[in-house]
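Just below is one structure, and these are the notes that go with it.
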Amino acid sequence: AFEQLKRIDVKALAERDKAFYYMLNTFVRYKLYIPINDSTINNSIDYYLGEGDDEMLSRAYLYKACSLVEKGDLPQVATFLKKAEVASVNTDNIGLKLRIKAMMFIVNRKTSNNQKAKEYAESMLPLARQLGNKRWLGLTYAYLTLVNANSNKEKELYYYKLFDKYVPYLKKEEQADYYNNVSLVYSDMGKGDEAEASLLKSINIYPQYRSYGTLAELYTTQNRLQEARELWNKALKTKDVRLRSTFLQPYAAWLHKIGEEDEAWSLAMKIPFVKDSLMLVQQTEIVKENQERQDRLKRELEHRQKIVVLCFVIALLMMCAALTYIMILDHKNYTEEQILKIMCMSEGTLRTNRSRIAARYIPLNDK
């Protein structure tokens with residue numbers, strides 16, 4: 001999908017299509033862990049604000065939030081998700097509302113705002129039931145299981161049983177994410193065995209570099225050195241520069257802790273380069289997007305100038321036409337006046353001639 005997007009000539013698109021393209025491009029980059037320049041999605045937001053299209057504006061705000069996730073700016077993520085939520089109120093798109101609430105759930109979970117996370121998970125349930133989508137029902141039950149894990153064992157078991165019925169309808173990656181998240185809950189509760197079982201299940205369903213890194217961290221706390229080392233090395237094979245940068249520091253710290261100074265130093269030296277690489281990728285994208293934006297502004301300016309010139313020419317032609325019309329009217333009036341004068345003069349001459357003729361042939365009365 002991303003390769004097809006890259007082939008599109010953005011410069012040739014109409015403004016409405018550009019707004020949609022930038023929004024779609026942002027979302028695809030987010031899903032593929034490709035660096036995002038969030039300035040382009042701002043163009044989409046501005047366009048849909050001007051159009052008054054609530055559904056598309058809500059999507060644009062949602063994808064803006066997605067672009068900020070990679071930067072770790074969770075307060076801003078929450079701000080734009082809230083804007084997306086408000087904009088979606090007057091729409092009938094239940095799927096869109098569910099996506100927004102699901103992201104709000106995740107953000108609140110990450111910021112340890114468990115009560116708000118619970119509220120969002122609970123607000124998803126009637127929408128998922130209304131939509132009748134089994135995948136969304138499965139995800140909602142998964143979220144409700146997580147938010148009740150530490151507080152209400154009865155509800156946790158109840159929702160887990162419901163979730164278990166819908167597991168087959170979830171994508172493999174979503175199933176793996178769920179068990180990865182469950183492992184974090186168990187880790188927070190100090191239940192290492194249950195956390196390990198959940199992570200192994202996650203990896204078995206859909207191997208992810210994030211799961212390798214999480215399990216490696218768990219094994220480091222259990223002093224399972226060889227297994228931890230193997231998992232760290234697997235995790236570091238990811239092509240996602242951001243993910244790799246998050247793994248390097250804890251791995252280097254762990255190696256230092258167990259006395260592997262040379263390897264720890266070697267990894268620590270890579271951290272700045274990985275971060276520089278990440279920054280370079282981001283800067284490359286920003287430069288590219290900025291150039292495209294400047295090109296777009298230049299085209300718009302040239303277009304406006306052409307319109308101004310065209311309007312001037314049209315106004316000039318209209319003035320010329322008006323002057324010509326006035327001159328024609330004046331000439332017409334002048335001609336009519338001349339004809340009237342000629343007619344009057346002719347009639348006067350005729351009367352004079354008649355009088356002269358009459359004087360010759362008709363004698364005057366004697367006094």
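Chain labels A, B, ... are given in the sequence in which chains occur in the structure tokens; within each chain residues are numbered consecutively from 1, and ligands are likewise numbered from 1 in the order shown.
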
Quiz item: So which residues touch segment 52-57 of chain A within 12 Å, counting only C-alpha atoms, skipping near sequence neighbours fewer than 5 positions away, as an MDAnalysis selection string?
Solution: chainID A and resid 16 19:20 23:24 41:47 62:64 80:81 83:97

Practice problem: Tell me which protein, DNA and RNA residues are within 9 Å of Ser183 of chain A, counting only C-alpha atoms, leaving out same-chain ones fewer than 4 positions away, and put them as a list of chain:residue names. | Solution: A:Tyr178, A:Tyr179, A:Ser187, A:Asp188, A:Lys191, A:Gly192, A:Glu194, A:Ala195, A:Glu196, A:Ala197, A:Ser198, A:Leu199, A:Thr214

Since we have the selection now, will you write its residues out, keeping all heavy atoms, as a JSON list (two decimals), in the first residue's frame?
```
[["chain", "number", "residue", "atom", "x", "y", "z"],
["A", 178, "TYR", "N", -2.76, -8.58, 22.69],
["A", 178, "TYR", "CA", -3.55, -8.79, 23.91],
["A", 178, "TYR", "C", -2.73, -9.57, 24.94],
["A", 178, "TYR", "O", -2.63, -9.16, 26.11],
["A", 178, "TYR", "CB", -4.85, -9.54, 23.60],
["A", 178, "TYR", "CG", -5.55, -10.02, 24.85],
["A", 178, "TYR", "CD1", -6.24, -9.13, 25.67],
["A", 178, "TYR", "CD2", -5.50, -11.37, 25.24],
["A", 178, "TYR", "CE1", -6.86, -9.56, 26.83],
["A", 178, "TYR", "CE2", -6.12, -11.80, 26.39],
["A", 178, "TYR", "CZ", -6.79, -10.90, 27.18],
["A", 178, "TYR", "OH", -7.40, -11.32, 28.34],
["A", 179, "TYR", "N", -2.15, -10.69, 24.53],
["A", 179, "TYR", "CA", -1.38, -11.51, 25.48],
["A", 179, "TYR", "C", -0.11, -10.80, 25.93],
["A", 179, "TYR", "O", 0.35, -11.00, 27.06],
["A", 179, "TYR", "CB", -1.08, -12.87, 24.85],
["A", 179, "TYR", "CG", -2.33, -13.73, 24.71],
["A", 179, "TYR", "CD1", -2.84, -14.05, 23.46],
["A", 179, "TYR", "CD2", -2.99, -14.19, 25.84],
["A", 179, "TYR", "CE1", -4.00, -14.80, 23.34],
["A", 179, "TYR", "CE2", -4.16, -14.95, 25.73],
["A", 179, "TYR", "CZ", -4.65, -15.25, 24.48],
["A", 179, "TYR", "OH", -5.81, -15.99, 24.35],
["A", 187, "SER", "N", 3.17, -8.93, 35.24],
["A", 187, "SER", "CA", 4.48, -8.45, 35.72],
["A", 187, "SER", "C", 4.30, -7.42, 36.83],
["A", 187, "SER", "O", 5.00, -7.44, 37.84],
["A", 187, "SER", "CB", 5.29, -7.86, 34.58],
["A", 187, "SER", "OG", 5.67, -8.85, 33.66],
["A", 188, "ASP", "N", 3.34, -6.50, 36.63],
["A", 188, "ASP", "CA", 3.06, -5.49, 37.65],
["A", 188, "ASP", "C", 2.55, -6.13, 38.95],
["A", 188, "ASP", "O", 2.78, -5.58, 40.04],
["A", 188, "ASP", "CB", 2.02, -4.49, 37.14],
["A", 188, "ASP", "CG", 2.57, -3.61, 36.03],
["A", 188, "ASP", "OD1", 3.81, -3.51, 35.90],
["A", 188, "ASP", "OD2", 1.75, -3.04, 35.27],
["A", 191, "LYS", "N", 3.69, -11.55, 39.18],
["A", 191, "LYS", "CA", 3.44, -12.94, 38.78],
["A", 191, "LYS", "C", 4.26, -13.25, 37.53],
["A", 191, "LYS", "O", 3.76, -13.21, 36.40],
["A", 191, "LYS", "CB", 1.95, -13.16, 38.53],
["A", 191, "LYS", "CG", 1.09, -12.96, 39.79],
["A", 191, "LYS", "CD", -0.38, -13.25, 39.50],
["A", 191, "LYS", "CE", -1.21, -13.13, 40.77],
["A", 191, "LYS", "NZ", -2.64, -13.46, 40.53],
["A", 192, "GLY", "N", 5.53, -13.55, 37.74],
["A", 192, "GLY", "CA", 6.44, -13.77, 36.64],
["A", 192, "GLY", "C", 6.09, -14.96, 35.77],
["A", 192, "GLY", "O", 6.23, -14.90, 34.54],
["A", 194, "GLU", "N", 3.10, -16.33, 35.17],
["A", 194, "GLU", "CA", 1.95, -16.02, 34.33],
["A", 194, "GLU", "C", 2.33, -15.04, 33.21],
["A", 194, "GLU", "O", 1.86, -15.16, 32.08],
["A", 194, "GLU", "CB", 0.81, -15.43, 35.17],
["A", 194, "GLU", "CG", 0.11, -16.42, 36.08],
["A", 194, "GLU", "CD", 0.80, -16.56, 37.43],
["A", 194, "GLU", "OE1", 1.98, -16.13, 37.55],
["A", 194, "GLU", "OE2", 0.17, -17.10, 38.36],
["A", 195, "ALA", "N", 3.20, -14.09, 33.55],
["A", 195, "ALA", "CA", 3.67, -13.13, 32.55],
["A", 195, "ALA", "C", 4.43, -13.85, 31.44],
["A", 195, "ALA", "O", 4.23, -13.57, 30.25],
["A", 195, "ALA", "CB", 4.56, -12.08, 33.20],
["A", 196, "GLU", "N", 5.29, -14.78, 31.82],
["A", 196, "GLU", "CA", 6.06, -15.54, 30.83],
["A", 196, "GLU", "C", 5.14, -16.36, 29.94],
["A", 196, "GLU", "O", 5.31, -16.40, 28.70],
["A", 196, "GLU", "CB", 7.06, -16.45, 31.54],
["A", 196, "GLU", "CG", 7.89, -17.28, 30.56],
["A", 196, "GLU", "CD", 8.77, -18.31, 31.26],
["A", 196, "GLU", "OE1", 8.72, -18.40, 32.51],
["A", 196, "GLU", "OE2", 9.50, -19.03, 30.56],
["A", 197, "ALA", "N", 4.15, -17.00, 30.53],
["A", 197, "ALA", "CA", 3.23, -17.84, 29.76],
["A", 197, "ALA", "C", 2.47, -17.00, 28.73],
["A", 197, "ALA", "O", 2.29, -17.42, 27.58],
["A", 197, "ALA", "CB", 2.25, -18.53, 30.70],
["A", 198, "SER", "N", 2.06, -15.79, 29.14],
["A", 198, "SER", "CA", 1.33, -14.92, 28.22],
["A", 198, "SER", "C", 2.22, -14.46, 27.07],
["A", 198, "SER", "O", 1.79, -14.40, 25.91],
["A", 198, "SER", "CB", 0.79, -13.69, 28.97],
["A", 198, "SER", "OG", -0.21, -14.07, 29.88],
["A", 199, "LEU", "N", 3.49, -14.15, 27.39],
["A", 199, "LEU", "CA", 4.42, -13.70, 26.34],
["A", 199, "LEU", "C", 4.74, -14.82, 25.36],
["A", 199, "LEU", "O", 4.82, -14.59, 24.15],
["A", 199, "LEU", "CB", 5.70, -13.17, 26.97],
["A", 199, "LEU", "CG", 5.60, -11.73, 27.51],
["A", 199, "LEU", "CD1", 6.81, -11.41, 28.38],
["A", 199, "LEU", "CD2", 5.50, -10.74, 26.36],
["A", 214, "THR", "N", 10.22, -7.59, 25.45],
["A", 214, "THR", "CA", 9.51, -7.67, 26.74],
["A", 214, "THR", "C", 9.89, -8.93, 27.49],
["A", 214, "THR", "O", 10.13, -8.90, 28.71],
["A", 214, "THR", "CB", 7.98, -7.64, 26.51],
["A", 214, "THR", "OG1", 7.63, -6.49, 25.74],
["A", 214, "THR", "CG2", 7.23, -7.59, 27.83]]
```

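Those residues that approach Glu3 of chain A to within 12 Å, counting only C-alpha atoms, are Ile8, Asn25, Val28, Arg29 and Leu32 of chain A; same-chain residues fewer than 5 positions away are not listed.
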
For the interface of segment 136-173 of chain A with segment 202-209 of chain A (cut-off 10 Å, counting only C-alpha atoms), please tabulate each contacting residue of segment 136-173 of chain A alongside its nearest pair of atoms and their separation in Å to one decimal, rows sorted by chain and increasing number, as CSV.
```
residue,atom,partner,partner_atom,distance
A:Lys171,CA,A:Tyr206,CA,9.6
A:Lys172,CA,A:Tyr206,CA,5.9
A:Glu173,CA,A:Tyr206,CA,5.8
```

Residues from last step as file, N, CA, C and O atoms, as a PDB file, in the first residue's frame:
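Below you can see result-v5.pdb, which holds the result:
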```pdb
ATOM      1  N   LYS A 171      -7.443 -10.262  14.481  1.00  0.00           N
ATOM      2  CA  LYS A 171      -6.244 -10.467  13.678  1.00  0.00           C
ATOM      3  C   LYS A 171      -5.170 -11.092  14.550  1.00  0.00           C
ATOM      4  O   LYS A 171      -5.155 -10.898  15.770  1.00  0.00           O
ATOM      5  N   LYS A 172      -4.267 -11.837  13.935  1.00  0.00           N
ATOM      6  CA  LYS A 172      -3.199 -12.496  14.689  1.00  0.00           C
ATOM      7  C   LYS A 172      -2.383 -11.493  15.501  1.00  0.00           C
ATOM      8  O   LYS A 172      -2.024 -11.738  16.652  1.00  0.00           O
ATOM      9  N   GLU A 173      -2.110 -10.355  14.901  1.00  0.00           N
ATOM     10  CA  GLU A 173      -1.336  -9.328  15.589  1.00  0.00           C
ATOM     11  C   GLU A 173      -2.081  -8.801  16.811  1.00  0.00           C
ATOM     12  O   GLU A 173      -1.484  -8.540  17.859  1.00  0.00           O
TER      13      GLU A 173
END
```

Self-check item: Top pick for closest residue to Leu162 of chain A, considering A:Met319, A:Leu137, A:Ala12, A:Ile100 and counting only C-alpha atoms
Solution: A:Leu137
